[in-house]
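What follows is a single structure, written as structure tokens, with notes after it.
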Amino acid sequence: MEEEYIKAAKAIKQADYLVAFTGAGISAECGIPTFRGKDGLWTKFKPEEIATYQAFIRNPEFVWQWYIMRMEKLKDTKPSEAHKILAEWEKKGILKTVITQNVDELHQKAGSKNVIELHGNIWRIKCIYCDNKKRLKKLPKSMPRCDKCGNIMRPDVVWFGEALDPLILQLAFDEGLKSDVMIVIGTSGVVYPAGHIPVRAKTMGAFIIEINPEESAITPVADVYLAEKASVAMKKLKNLLSSL
Ligand code: OAD
Ligand code: ZN
């Protein structure tokens, strides 16, 4: 195992273009539940009842209550050591970009600047009718209404069956393809097109490091697989890097 960490640290040290690709697992140690797995959100809630446009139109107040509940929890949540180390590496020029599937903004809270949010951001809302988009200044108590046209505002996140923003997706693929080393942290890798990003990077020659206590859909393409929690593995890598 120790050898695998050394291999990963050496790859990071020698990388010309290091990119991180993250999922819900990087926020798990902050107390934010993941989607799949034992305590995952999708074991307690049915995605088709809260995470589709149809569900929202059927019962927007209900879907909003679910989002408000998640926002309440997130509001005071602090980033994990793994988030912080990624931000530190970006500041030092070691890491170029974070591509995340998370909507929790914890990467930015930790200080990361170059973050590509594939699935949107829970703190942004958009009108279902006009092009009005805004950032929430404070937690809504109930369903917000559009101040331009009066229609319903929805969270600016990607729901099941919805397309990702094509420009953001293109940007993420471009960064993925530019990377010679990609560090994949805390994702099951089963949601597409996001899950294709590390696989495409690999086929273009990138060295893939995966951190995940459980094997995932990414593990078969990982050059180094570190079966550990995000913060534990990242702290080890950080220490090793300073000794190389
Ligand atoms: P998942 O819930 O599918 O997977 C979370 C992954 O994190 C699993 O592989 C866990 O083993 C791993 N994990 C758990 N604790 C960890 C820890 N402490 N350190 C590192 N890894 C840990 O979450 P995502 O892969 O992010 O999409 O899910 C992808 C998408 O599915 C989400 O963005 C969301 C969801 O439906 C949308 O909302 C569109
Ligand atoms: Zn509107």
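The chains in the structure tokens are called A, B, ... from first to last as shown; in each chain the residues are counted from 1, and the ligands are counted from 1 in the order shown.
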
- Query: Given a cut-off of 9 Å, what residues near ligand 1 show up using only C-alpha atoms and all ligand atoms, put as JSON, numbers by chain?
  - Reply: {"A": [22, 23, 24, 25, 26, 27, 28, 29, 30, 33, 34, 35, 36, 37, 40, 41, 42, 47, 51, 82, 100, 101, 102, 103, 118, 119, 120, 157, 158, 159, 160, 161, 162, 164, 185, 186, 187, 188, 189, 190, 191, 192, 194, 195, 211, 212, 213, 214, 215, 216, 217, 227, 228, 229, 230, 231, 232, 233]}

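The neighbours of A:Pro79 here are the residues that come within 7 Å of it, using only C-alpha atoms and leaving out any residue fewer than 6 positions away in the same chain; they are A:Cys30, A:Leu106, A:Lys109, A:Ala110.
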
Keeping only C-alpha atoms, write those residues as a PDB file, in the first residue's frame.
```pdb
ATOM      1  CA  CYS A  30     -17.926  16.925   6.385  1.00  0.00           C
ATOM      2  CA  LEU A 106     -17.206  23.198  -0.519  1.00  0.00           C
ATOM      3  CA  LYS A 109     -15.214  27.425   0.541  1.00  0.00           C
ATOM      4  CA  ALA A 110     -11.820  25.745   0.944  1.00  0.00           C
TER       5      ALA A 110
END
```

Check which residues of chain A sit at most 8 Å from ligand 2 using only C-alpha atoms and all ligand atoms, and return one row each with the closest pair of atoms and their distance in Å to one decimal, ordered by chain and rising number, as CSV.
```
residue,atom,partner,partner_atom_place_in_ligand_line,distance
A:Lys126,CA,ligand 2,1 (Zn),7.8
A:Cys127,CA,ligand 2,1 (Zn),4.6
A:Ile128,CA,ligand 2,1 (Zn),6.7
A:Tyr129,CA,ligand 2,1 (Zn),5.1
A:Cys130,CA,ligand 2,1 (Zn),4.1
A:Asp131,CA,ligand 2,1 (Zn),6.3
A:Asn132,CA,ligand 2,1 (Zn),5.3
A:Arg145,CA,ligand 2,1 (Zn),7.9
A:Cys146,CA,ligand 2,1 (Zn),4.6
A:Asp147,CA,ligand 2,1 (Zn),6.7
A:Lys148,CA,ligand 2,1 (Zn),5.0
A:Cys149,CA,ligand 2,1 (Zn),4.1
A:Gly150,CA,ligand 2,1 (Zn),5.9
A:Asn151,CA,ligand 2,1 (Zn),5.3
A:Ile152,CA,ligand 2,1 (Zn),7.2
A:Met153,CA,ligand 2,1 (Zn),7.3
```

N, CA, C and O atoms of the current selection, written as a CSV table (one decimal), in the first residue's frame:
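Contents of result-v7.csv, freshly written:
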```csv
chain,number,residue,atom,x,y,z
A,126,LYS,N,-32.8,29.4,-10.6
A,126,LYS,CA,-33.1,30.0,-12.0
A,126,LYS,C,-34.6,29.8,-12.2
A,126,LYS,O,-35.3,28.9,-11.7
A,127,CYS,N,-35.2,30.8,-13.0
A,127,CYS,CA,-36.6,30.8,-13.3
A,127,CYS,C,-36.9,29.6,-14.3
A,127,CYS,O,-36.1,29.4,-15.2
A,128,ILE,N,-38.0,29.0,-14.1
A,128,ILE,CA,-38.3,27.9,-15.1
A,128,ILE,C,-38.9,28.5,-16.4
A,128,ILE,O,-39.1,27.7,-17.3
A,129,TYR,N,-39.2,29.8,-16.4
A,129,TYR,CA,-39.8,30.4,-17.6
A,129,TYR,C,-38.9,31.4,-18.3
A,129,TYR,O,-38.7,31.2,-19.5
A,130,CYS,N,-38.4,32.3,-17.6
A,130,CYS,CA,-37.5,33.3,-18.3
A,130,CYS,C,-36.0,33.0,-18.0
A,130,CYS,O,-35.7,32.0,-17.4
A,131,ASP,N,-35.1,33.9,-18.4
A,131,ASP,CA,-33.7,33.6,-18.2
A,131,ASP,C,-33.1,34.1,-16.9
A,131,ASP,O,-31.9,34.1,-16.7
A,132,ASN,N,-34.0,34.4,-16.0
A,132,ASN,CA,-33.6,35.0,-14.7
A,132,ASN,C,-32.8,34.0,-13.8
A,132,ASN,O,-33.4,32.9,-13.5
A,145,ARG,N,-40.0,32.9,-5.9
A,145,ARG,CA,-40.6,33.3,-7.1
A,145,ARG,C,-39.7,34.2,-7.9
A,145,ARG,O,-38.9,35.0,-7.3
A,146,CYS,N,-39.9,34.2,-9.2
A,146,CYS,CA,-39.1,35.1,-10.1
A,146,CYS,C,-39.5,36.5,-9.9
A,146,CYS,O,-40.7,36.9,-10.0
A,147,ASP,N,-38.5,37.4,-9.7
A,147,ASP,CA,-38.9,38.8,-9.5
A,147,ASP,C,-39.0,39.5,-10.9
A,147,ASP,O,-39.3,40.7,-11.0
A,148,LYS,N,-38.8,38.8,-12.0
A,148,LYS,CA,-39.0,39.4,-13.3
A,148,LYS,C,-40.4,39.0,-13.9
A,148,LYS,O,-41.1,39.8,-14.5
A,149,CYS,N,-40.7,37.7,-13.8
A,149,CYS,CA,-42.0,37.3,-14.4
A,149,CYS,C,-43.0,36.6,-13.5
A,149,CYS,O,-44.1,36.2,-13.9
A,150,GLY,N,-42.6,36.4,-12.2
A,150,GLY,CA,-43.5,35.8,-11.2
A,150,GLY,C,-43.6,34.3,-11.3
A,150,GLY,O,-44.3,33.7,-10.4
A,151,ASN,N,-42.9,33.7,-12.2
A,151,ASN,CA,-43.0,32.2,-12.2
A,151,ASN,C,-42.1,31.6,-11.1
A,151,ASN,O,-41.5,32.3,-10.3
A,152,ILE,N,-42.1,30.3,-11.1
A,152,ILE,CA,-41.4,29.5,-10.1
A,152,ILE,C,-39.9,29.5,-10.3
A,152,ILE,O,-39.5,29.3,-11.5
A,153,MET,N,-39.1,29.7,-9.3
A,153,MET,CA,-37.7,29.5,-9.4
A,153,MET,C,-37.3,28.1,-9.0
A,153,MET,O,-37.9,27.6,-8.1
```

- Per DSSP on the backbone, what are the alpha helix (DSSP H) residues of stretch 38-234 of chain A, as a VMD selection string? chain A and resid 41 to 44 47 to 50 53 to 58 60 to 75 81 to 91 106 to 110 166 to 178 196 to 203 230 to 234

- Would you work out the distance separating atom CA of A:Met204 from atom CA of A:Asn114, expressed in Å to one decimal? 22.2 Å

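Closest approach to A:Lys235 among A:Lys84, A:Ile94, A:Ser112, A:Ala163: A:Lys84, based on only C-alpha atoms.
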
- Item | DSSP strand (DSSP E) selection over stretch 1-240 of chain A, as JSON, numbers by chain | {"A": [18, 19, 20, 21, 22, 95, 96, 97, 98, 99, 100, 115, 116, 117, 120, 121, 122, 123, 124, 125, 126, 127, 133, 134, 135, 153, 154, 155, 156, 157, 181, 182, 183, 184, 185, 207, 208, 209, 210, 211, 224, 225, 226]}

- Could you tell me how far atom CA of A:Tyr5 lies from atom CA of A:Leu237, in Å and to one decimal? 6.6 Å

- Query: Hey, what's within 7 Å of stretch 175-179 of chain A if we count only C-alpha atoms and toss same-chain stuff fewer than 2 positions away? As JSON, numbers by chain, please?
  - Reply: {"A": [17, 18, 19, 171, 172, 173, 181, 182, 197, 198, 201, 204, 206]}

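Reported to one decimal place, the separation of atom CA of A:Leu86 from atom CA of A:Gly111 is 8.7 Å.
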
- Compile the contact shell of A:Phe207 as a ChimeraX atom specification: residues with an atom at most 8 Å away, counting only C-alpha atoms, same-chain residues fewer than 2 positions apart removed. /A:11,180-182,202,205,209,222-223

Would you write out those residues with all heavy atoms, as a short mmCIF file (atom, residue, chain, number, x, y, z; two decimals), in the first residue's frame?
```cif
data_model
loop_
_atom_site.label_atom_id
_atom_site.label_comp_id
_atom_site.auth_asym_id
_atom_site.auth_seq_id
_atom_site.Cartn_x
_atom_site.Cartn_y
_atom_site.Cartn_z
N ALA A 11 3.90 10.73 -9.27
CA ALA A 11 3.15 11.16 -10.47
C ALA A 11 2.69 12.61 -10.30
O ALA A 11 2.78 13.41 -11.23
CB ALA A 11 1.96 10.23 -10.70
N ASP A 180 -2.31 15.34 -17.64
CA ASP A 180 -1.46 14.15 -17.76
C ASP A 180 -1.57 13.31 -16.49
O ASP A 180 -1.21 12.14 -16.48
CB ASP A 180 -0.01 14.51 -18.10
CG ASP A 180 0.62 15.46 -17.09
OD1 ASP A 180 -0.12 16.04 -16.26
OD2 ASP A 180 1.85 15.63 -17.12
N VAL A 181 -2.07 13.93 -15.42
CA VAL A 181 -2.36 13.18 -14.19
C VAL A 181 -3.72 13.66 -13.69
O VAL A 181 -3.98 14.86 -13.60
CB VAL A 181 -1.28 13.38 -13.10
CG1 VAL A 181 -1.62 12.57 -11.85
CG2 VAL A 181 0.11 13.01 -13.61
N MET A 182 -4.58 12.70 -13.38
CA MET A 182 -5.90 13.06 -12.84
C MET A 182 -6.10 12.33 -11.52
O MET A 182 -5.89 11.12 -11.44
CB MET A 182 -7.01 12.70 -13.82
CG MET A 182 -8.39 13.11 -13.32
SD MET A 182 -9.71 12.78 -14.49
CE MET A 182 -9.57 14.16 -15.57
N LYS A 202 -7.97 8.91 -19.36
CA LYS A 202 -7.11 7.72 -19.35
C LYS A 202 -6.79 7.27 -20.78
O LYS A 202 -5.63 6.98 -21.12
CB LYS A 202 -7.83 6.61 -18.59
CG LYS A 202 -7.24 5.23 -18.74
CD LYS A 202 -5.99 5.08 -17.91
CE LYS A 202 -5.46 3.65 -18.03
NZ LYS A 202 -4.34 3.42 -17.14
N GLY A 205 -4.12 9.03 -22.36
CA GLY A 205 -2.78 8.87 -21.79
C GLY A 205 -2.57 9.40 -20.38
O GLY A 205 -1.46 9.34 -19.87
N ILE A 209 -5.15 8.51 -10.65
CA ILE A 209 -5.03 8.13 -9.23
C ILE A 209 -6.44 8.17 -8.66
O ILE A 209 -7.13 9.18 -8.79
CB ILE A 209 -4.15 9.16 -8.47
CG1 ILE A 209 -2.75 9.25 -9.08
CG2 ILE A 209 -4.09 8.83 -6.96
CD1 ILE A 209 -1.97 10.47 -8.66
N ALA A 222 -7.90 2.95 -13.09
CA ALA A 222 -6.96 3.65 -12.20
C ALA A 222 -5.57 3.02 -12.28
O ALA A 222 -5.43 1.80 -12.26
CB ALA A 222 -7.48 3.61 -10.77
N ASP A 223 -4.55 3.88 -12.41
CA ASP A 223 -3.17 3.38 -12.38
C ASP A 223 -2.74 3.15 -10.95
O ASP A 223 -1.94 2.27 -10.66
CB ASP A 223 -2.25 4.41 -13.04
CG ASP A 223 -2.55 4.53 -14.52
OD1 ASP A 223 -2.11 3.66 -15.28
OD2 ASP A 223 -3.27 5.48 -14.91
#
```

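Closest approach to A:Arg124 from the set A:Met71, A:Val221, A:Ile6, A:Leu226 is made by A:Met71, with distances taken over only C-alpha atoms.
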
- Task: For A:Ile85, please output as a count of residues only all residues within 8 Å (counting only C-alpha atoms; exclusion window: fewer than 2 positions along the same chain).
- Result: 9

- Message: Just want the 8 Å neighbourhood of stretch 63-67 of chain A, counted on only C-alpha atoms, with same-chain residues fewer than 3 positions away dropped. Output as a PyMOL selection string.
- Response: chain A and resi 50-51+55-56+59-60+70-71+122+142-143+154-155
